[in-house]
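Dumped protein33.cif below, it's mmCIF, C-alpha atoms, pLDDT in the B column; chains and numbers go by the auth columns:
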```
data_start
#
loop_
_atom_site.group_PDB
_atom_site.id
_atom_site.type_symbol
_atom_site.label_atom_id
_atom_site.label_comp_id
_atom_site.label_asym_id
_atom_site.label_seq_id
_atom_site.Cartn_x
_atom_site.Cartn_y
_atom_site.Cartn_z
_atom_site.B_iso_or_equiv
_atom_site.auth_seq_id
_atom_site.auth_asym_id
ATOM 1 C CA MET A 1 13.316 -114.101 49.014 89.00 283 N
ATOM 2 C CA THR A 2 9.914 -112.989 47.892 94.00 284 N
ATOM 3 C CA ASN A 3 6.927 -115.298 47.599 95.00 285 N
ATOM 4 C CA VAL A 4 7.075 -114.911 43.801 96.00 286 N
ATOM 5 C CA GLU A 5 10.726 -116.066 43.755 96.00 287 N
ATOM 6 C CA LEU A 6 9.957 -119.000 46.049 96.00 288 N
ATOM 7 C CA ALA A 7 6.958 -120.024 43.943 96.00 289 N
ATOM 8 C CA LYS A 8 9.128 -120.066 40.800 96.00 290 N
ATOM 9 C CA ARG A 9 11.781 -122.192 42.534 95.00 291 N
ATOM 10 C CA VAL A 10 9.299 -124.810 43.720 96.00 292 N
ATOM 11 C CA GLY A 11 7.144 -124.829 40.600 96.00 293 N
ATOM 12 C CA LEU A 12 3.966 -123.280 41.994 96.00 294 N
ATOM 13 C CA THR A 13 2.010 -120.140 41.338 96.00 295 N
ATOM 14 C CA PRO A 14 2.303 -117.491 44.086 96.00 296 N
ATOM 15 C CA PRO A 15 -1.115 -117.942 45.819 96.00 297 N
ATOM 16 C CA PRO A 16 -0.756 -121.670 46.685 95.00 298 N
ATOM 17 C CA CYS A 17 2.889 -121.122 47.549 96.00 299 N
ATOM 18 C CA LEU A 18 1.946 -118.399 50.025 96.00 300 N
ATOM 19 C CA ARG A 19 -0.763 -120.644 51.544 97.00 301 N
ATOM 20 C CA ARG A 20 1.792 -123.408 52.074 96.00 302 N
ATOM 21 C CA VAL A 21 4.257 -121.023 53.691 96.00 303 N
ATOM 22 C CA LYS A 22 1.522 -119.658 55.982 97.00 304 N
ATOM 23 C CA ARG A 23 0.528 -123.218 56.933 97.00 305 N
ATOM 24 C CA LEU A 24 4.149 -124.047 57.790 97.00 306 N
ATOM 25 C CA GLU A 25 4.309 -120.888 59.930 96.00 307 N
ATOM 26 C CA ASP A 26 1.045 -121.814 61.697 97.00 308 N
ATOM 27 C CA LEU A 27 2.328 -125.331 62.382 97.00 309 N
ATOM 28 C CA GLY A 28 5.543 -123.947 63.855 97.00 310 N
ATOM 29 C CA VAL A 29 7.751 -125.550 61.197 97.00 311 N
ATOM 30 C CA ILE A 30 8.858 -122.060 60.181 96.00 312 N
ATOM 31 C CA ARG A 31 9.579 -120.425 63.541 95.00 313 N
ATOM 32 C CA GLY A 32 10.635 -117.016 62.329 95.00 314 N
ATOM 33 C CA TYR A 33 12.798 -114.901 60.111 93.00 315 N
ATOM 34 C CA ARG A 34 16.012 -113.083 60.948 90.00 316 N
ATOM 35 C CA ALA A 35 18.524 -110.596 59.734 90.00 317 N
ATOM 36 C CA VAL A 36 22.087 -111.857 59.330 88.00 318 N
ATOM 37 C CA ILE A 37 24.431 -109.341 60.922 89.00 319 N
ATOM 38 C CA ASP A 38 28.050 -108.926 59.820 91.00 320 N
ATOM 39 C CA PRO A 39 30.157 -109.554 62.973 89.00 321 N
ATOM 40 C CA GLU A 40 32.901 -107.143 61.898 91.00 322 N
ATOM 41 C CA ALA A 41 30.440 -104.341 61.180 94.00 323 N
ATOM 42 C CA SER A 42 28.724 -104.843 64.539 94.00 324 N
ATOM 43 C CA GLY A 43 31.975 -104.746 66.528 94.00 325 N
ATOM 44 C CA ARG A 44 32.023 -108.473 67.283 95.00 326 N
ATOM 45 C CA GLY A 45 34.682 -109.699 64.901 93.00 327 N
ATOM 46 C CA LEU A 46 36.285 -112.212 67.269 95.00 328 N
ATOM 47 C CA GLU A 47 34.388 -115.439 67.859 95.00 329 N
ATOM 48 C CA VAL A 48 35.579 -117.806 70.573 97.00 330 N
ATOM 49 C CA LEU A 49 34.306 -121.327 71.209 97.00 331 N
ATOM 50 C CA VAL A 50 34.361 -122.030 74.933 98.00 332 N
ATOM 51 C CA ASP A 51 34.063 -125.229 76.965 98.00 333 N
ATOM 52 C CA VAL A 52 33.030 -124.855 80.607 98.00 334 N
ATOM 53 C CA GLU A 53 33.039 -127.453 83.368 97.00 335 N
ATOM 54 C CA ILE A 54 31.295 -126.776 86.650 97.00 336 N
ATOM 55 C CA ALA A 55 31.155 -128.512 90.019 96.00 337 N
ATOM 56 C CA ALA A 56 27.443 -128.917 90.638 90.00 338 N
ATOM 57 C CA ASN A 57 25.164 -131.816 91.346 84.00 339 N
ATOM 58 C CA ASP A 58 21.805 -130.163 91.917 92.00 340 N
ATOM 59 C CA LEU A 59 19.356 -128.736 89.409 93.00 341 N
ATOM 60 C CA ARG A 60 19.199 -125.301 91.074 95.00 342 N
ATOM 61 C CA SER A 61 22.964 -124.798 90.599 94.00 343 N
ATOM 62 C CA PHE A 62 22.709 -125.737 86.924 94.00 344 N
ATOM 63 C CA ALA A 63 19.709 -123.442 86.435 96.00 345 N
ATOM 64 C CA ASP A 64 21.428 -120.505 88.177 96.00 346 N
ATOM 65 C CA PHE A 65 24.603 -121.011 86.154 96.00 347 N
ATOM 66 C CA GLU A 66 22.675 -121.205 82.874 97.00 348 N
ATOM 67 C CA GLU A 67 20.628 -118.118 83.714 97.00 349 N
ATOM 68 C CA SER A 68 23.821 -116.160 84.423 97.00 350 N
ATOM 69 C CA LEU A 69 25.526 -117.252 81.189 97.00 351 N
ATOM 70 C CA ALA A 70 22.435 -116.636 79.059 98.00 352 N
ATOM 71 C CA ALA A 71 22.222 -113.058 80.366 98.00 353 N
ATOM 72 C CA PHE A 72 25.667 -112.112 79.026 98.00 354 N
ATOM 73 C CA ASP A 73 25.352 -110.266 75.692 96.00 355 N
ATOM 74 C CA GLU A 74 28.668 -111.714 74.516 97.00 356 N
ATOM 75 C CA VAL A 75 27.287 -115.276 74.703 98.00 357 N
ATOM 76 C CA VAL A 76 25.548 -115.807 71.363 96.00 358 N
ATOM 77 C CA GLU A 77 25.051 -119.554 71.727 96.00 359 N
ATOM 78 C CA LEU A 78 24.845 -121.767 74.815 98.00 360 N
ATOM 79 C CA HIS A 79 24.465 -125.546 75.087 98.00 361 N
ATOM 80 C CA ARG A 80 24.425 -127.934 78.044 97.00 362 N
ATOM 81 C CA LEU A 81 26.161 -131.136 76.990 96.00 363 N
ATOM 82 C CA PHE A 82 26.085 -134.774 78.011 95.00 364 N
ATOM 83 C CA GLY A 83 29.416 -135.724 79.590 92.00 365 N
ATOM 84 C CA ARG A 84 32.361 -133.368 79.581 94.00 366 N
ATOM 85 C CA PRO A 85 32.532 -130.472 79.203 97.00 367 N
ATOM 86 C CA ASP A 86 29.283 -129.455 80.842 96.00 368 N
ATOM 87 C CA TYR A 87 28.699 -126.444 78.576 98.00 369 N
ATOM 88 C CA TYR A 88 29.608 -125.206 75.136 98.00 370 N
ATOM 89 C CA LEU A 89 29.436 -121.465 74.457 97.00 371 N
ATOM 90 C CA ARG A 90 29.962 -119.373 71.380 96.00 372 N
ATOM 91 C CA VAL A 91 31.167 -115.942 72.407 97.00 373 N
ATOM 92 C CA ALA A 92 31.343 -112.919 70.089 96.00 374 N
ATOM 93 C CA VAL A 93 33.438 -109.911 71.101 97.00 375 N
ATOM 94 C CA ALA A 94 35.393 -107.114 69.426 97.00 376 N
ATOM 95 C CA ASN A 95 38.928 -108.426 69.960 96.00 377 N
ATOM 96 C CA HIS A 96 41.269 -110.410 72.217 96.00 378 N
ATOM 97 C CA GLU A 97 41.294 -107.732 74.896 97.00 379 N
ATOM 98 C CA ALA A 98 37.490 -107.673 75.006 98.00 380 N
ATOM 99 C CA TYR A 99 37.489 -111.464 75.349 98.00 381 N
ATOM 100 C CA GLU A 100 39.912 -111.298 78.262 97.00 382 N
ATOM 101 C CA VAL A 101 37.663 -108.745 79.997 98.00 383 N
ATOM 102 C CA PHE A 102 34.627 -110.944 79.336 98.00 384 N
ATOM 103 C CA LEU A 103 36.287 -114.167 80.484 98.00 385 N
ATOM 104 C CA THR A 104 37.812 -112.849 83.693 97.00 386 N
ATOM 105 C CA GLY A 105 34.833 -110.691 84.627 97.00 387 N
ATOM 106 C CA ARG A 106 31.836 -112.790 83.625 97.00 388 N
ATOM 107 C CA PRO A 107 31.994 -116.613 83.554 97.00 389 N
ATOM 108 C CA ALA A 108 35.220 -117.188 85.534 97.00 390 N
ATOM 109 C CA PRO A 109 33.886 -115.726 88.811 96.00 391 N
ATOM 110 C CA LEU A 110 30.593 -117.645 88.683 97.00 392 N
ATOM 111 C CA PRO A 111 30.077 -120.181 91.489 94.00 393 N
ATOM 112 C CA GLY A 112 31.096 -123.735 90.645 95.00 394 N
ATOM 113 C CA VAL A 113 33.331 -123.035 87.656 97.00 395 N
ATOM 114 C CA VAL A 114 36.068 -125.671 87.570 97.00 396 N
ATOM 115 C CA ARG A 115 37.576 -125.238 84.114 98.00 397 N
ATOM 116 C CA ILE A 116 37.200 -122.949 81.130 98.00 398 N
ATOM 117 C CA THR A 117 38.847 -123.833 77.835 98.00 399 N
ATOM 118 C CA SER A 118 38.866 -121.300 75.019 98.00 400 N
ATOM 119 C CA HIS A 119 39.197 -122.250 71.360 97.00 401 N
ATOM 120 C CA LEU A 120 40.045 -119.545 68.838 94.00 402 N
ATOM 121 C CA SER A 121 38.772 -120.372 65.382 86.00 403 N
ATOM 122 C CA MET A 122 41.345 -120.262 62.596 87.00 404 N
ATOM 123 C CA LYS A 123 38.776 -120.212 59.796 88.00 405 N
ATOM 124 C CA LYS A 124 35.009 -120.531 59.484 86.00 406 N
ATOM 125 C CA ILE A 125 34.374 -123.190 56.850 92.00 407 N
ATOM 126 C CA LYS A 126 30.603 -123.621 57.128 92.00 408 N
ATOM 127 C CA SER A 127 27.918 -121.674 58.940 84.00 409 N
ATOM 128 C CA GLU A 128 24.147 -121.266 58.754 79.00 410 N
ATOM 129 C CA TYR A 129 24.669 -117.521 58.774 68.00 411 N
#
```

Conversion result in structure tokens:
Amino acid sequence: MTNVELAKRVGLTPPPCLRRVKRLEDLGVIRGYRAVIDPEASGRGLEVLVDVEIAANDLRSFADFEESLAAFDEVVELHRLFGRPDYYLRVAVANHEAYEVFLTGRPAPLPGVVRITSHLSMKKIKSEY
């Protein structure tokens, strides 16, 4: 939204509103702005939630594994978790066949992978995007 629209919503005139927004940007509270891309239009209509467990007990193995996963374009979100599973991924691909190619060619062959569990979403109920 424009600064004028934001100022109206929060009950300020545009100049002080803009100063406050700039201050929040400078402080790092506002870290950036983004475009929201339609997954279907971009050829990534299938989203899969993936749990991954690995057999590793040294930091270098974790770092190598994370670096490999983060480099895959299909991985749009990656988290290391406490407990099991070790990792949570959100993967966006065109369709089921593309997911199979991704799964068998990318994370499955990585060193230390013990288990991969895929969860296909029935319906997205809430999302930031």

(message) Residues within 9 Å of Leu351 (chain N), please, as a ChimeraX atom specification. Count all atoms listed in the file; anything in the same chain fewer than 3 positions from it doesn't count.
(response) /N:346-348,354-355,357,360,371,388-389

(request) Using all atoms listed in the file, pick whichever of N:Glu335, N:Thr284, N:Arg362, N:Arg316 has the shortest atom-to-atom distance to Pro296 (chain N). (result)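 Looking only at the distances to Pro296 (chain N), the closest residue turns out to be N:Thr284.
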
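You will find CA of Ala345 (chain N) at 29.5 Å from CA of Ile319 (chain N).
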
(request) Have a look at N:Ala380, N:Val373, N:Ala289, N:Ala352 and name the one nearest to Val332 (chain N); count only C-alpha atoms. (result) N:Val373

(request) Run the PyMOL selection byres ((chain N and resi 395) around 7) on the file and write out the hits as a list in words. (result) Glu335, Ile336, Ala337, Ala390, Leu392, Pro393, Gly394, Val396 and Arg397 of chain N

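Between CA of Gly310 (chain N) and CA of Tyr369 (chain N) the separation is 27.6 Å.
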
(request) Just give me the residues with any atom within 7 Å of (35.5, -129.1, 75.8), file coordinates, counting all atoms listed in the file, written as a ChimeraX atom specification. (result) /N:333-334,366-367,399

(message) Taking all atoms listed in the file into account, name the residue in N:Leu331, N:Asn339, N:Lys304, N:Glu410 that is nearest to Glu359 (chain N).
(response) N:Leu331

(message) Under the PyMOL selection byres ((chain N and resi 326) around 7), which residues of this model are included? Write them out as number ranges by chain.
(response) N: 321-322, 324-325, 327-328, 374-376

Take the selection from the previous step and output its residues with C-alpha atoms, as a short mmCIF file (atom, residue, chain, number, x, y, z; two decimals), in the frame of the given file.
```cif
data_model
loop_
_atom_site.label_atom_id
_atom_site.label_comp_id
_atom_site.auth_asym_id
_atom_site.auth_seq_id
_atom_site.Cartn_x
_atom_site.Cartn_y
_atom_site.Cartn_z
CA PRO N 321 30.16 -109.55 62.97
CA GLU N 322 32.90 -107.14 61.90
CA SER N 324 28.72 -104.84 64.54
CA GLY N 325 31.98 -104.75 66.53
CA GLY N 327 34.68 -109.70 64.90
CA LEU N 328 36.28 -112.21 67.27
CA ALA N 374 31.34 -112.92 70.09
CA VAL N 375 33.44 -109.91 71.10
CA ALA N 376 35.39 -107.11 69.43
#
```

(message) What does the structure give for the distance between CA of Leu402 (chain N) and CA of Val330 (chain N), in Å to one decimal?
(response)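 About the pair CA of Leu402 (chain N) and CA of Val330 (chain N): they are 5.1 Å apart.
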
(request) Can you work out which one of N:Val383, N:Ile398, N:Tyr315, N:Ser409 has the shortest atom-to-atom distance to Met283 (chain N), counting all atoms listed in the file? (result) N:Tyr315

(message) Restricting the calculation to all atoms listed in the file: of N:Ala317, N:Leu300, N:Glu329, N:Leu306, which residue gets closest to Ser403 (chain N)?
(response)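 Among the listed residues, the smallest separation from Ser403 (chain N) belongs to N:Glu329.
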
Will you model N, CA and C atoms for region 314-336 of chain N and pass it back as a CSV table (one decimal), in the frame of the given file?
```
chain,number,residue,atom,x,y,z
N,314,GLY,N,10.4,-118.4,62.4
N,314,GLY,CA,10.6,-117.0,62.3
N,314,GLY,C,11.6,-116.7,61.2
N,315,TYR,N,11.9,-115.4,61.1
N,315,TYR,CA,12.8,-114.9,60.1
N,315,TYR,C,13.8,-114.0,60.8
N,316,ARG,N,15.0,-113.9,60.3
N,316,ARG,CA,16.0,-113.1,60.9
N,316,ARG,C,16.9,-112.3,60.0
N,317,ALA,N,17.5,-111.3,60.5
N,317,ALA,CA,18.5,-110.6,59.7
N,317,ALA,C,19.9,-111.2,60.1
N,318,VAL,N,20.7,-111.3,59.1
N,318,VAL,CA,22.1,-111.9,59.3
N,318,VAL,C,23.0,-110.7,59.4
N,319,ILE,N,23.6,-110.5,60.6
N,319,ILE,CA,24.4,-109.3,60.9
N,319,ILE,C,25.9,-109.7,60.7
N,320,ASP,N,26.6,-108.8,60.0
N,320,ASP,CA,28.0,-108.9,59.8
N,320,ASP,C,28.8,-108.7,61.1
N,321,PRO,N,29.5,-109.7,61.7
N,321,PRO,CA,30.2,-109.6,63.0
N,321,PRO,C,31.2,-108.4,63.0
N,322,GLU,N,31.9,-108.2,61.9
N,322,GLU,CA,32.9,-107.1,61.9
N,322,GLU,C,32.2,-105.8,62.0
N,323,ALA,N,31.2,-105.6,61.2
N,323,ALA,CA,30.4,-104.3,61.2
N,323,ALA,C,29.8,-104.0,62.5
N,324,SER,N,29.4,-105.1,63.3
N,324,SER,CA,28.7,-104.8,64.5
N,324,SER,C,29.7,-104.8,65.7
N,325,GLY,N,31.0,-104.8,65.4
N,325,GLY,CA,32.0,-104.7,66.5
N,325,GLY,C,32.2,-106.0,67.3
N,326,ARG,N,31.9,-107.2,66.6
N,326,ARG,CA,32.0,-108.5,67.3
N,326,ARG,C,32.8,-109.4,66.3
N,327,GLY,N,33.9,-109.0,65.9
N,327,GLY,CA,34.7,-109.7,64.9
N,327,GLY,C,35.4,-110.9,65.4
N,328,LEU,N,35.6,-111.0,66.7
N,328,LEU,CA,36.3,-112.2,67.3
N,328,LEU,C,35.3,-113.2,67.9
N,329,GLU,N,35.3,-114.4,67.3
N,329,GLU,CA,34.4,-115.4,67.9
N,329,GLU,C,35.2,-116.5,68.6
N,330,VAL,N,34.8,-116.8,69.8
N,330,VAL,CA,35.6,-117.8,70.6
N,330,VAL,C,34.6,-118.9,71.0
N,331,LEU,N,35.1,-120.2,70.8
N,331,LEU,CA,34.3,-121.3,71.2
N,331,LEU,C,34.8,-121.7,72.6
N,332,VAL,N,34.0,-121.9,73.5
N,332,VAL,CA,34.4,-122.0,74.9
N,332,VAL,C,33.7,-123.3,75.5
N,333,ASP,N,34.5,-124.1,76.2
N,333,ASP,CA,34.1,-125.2,77.0
N,333,ASP,C,34.1,-124.8,78.4
N,334,VAL,N,33.1,-125.2,79.2
N,334,VAL,CA,33.0,-124.9,80.6
N,334,VAL,C,32.6,-126.1,81.4
N,335,GLU,N,33.4,-126.4,82.4
N,335,GLU,CA,33.0,-127.5,83.4
N,335,GLU,C,32.7,-126.8,84.7
N,336,ILE,N,31.7,-127.3,85.3
N,336,ILE,CA,31.3,-126.8,86.6
N,336,ILE,C,31.2,-127.9,87.7
```
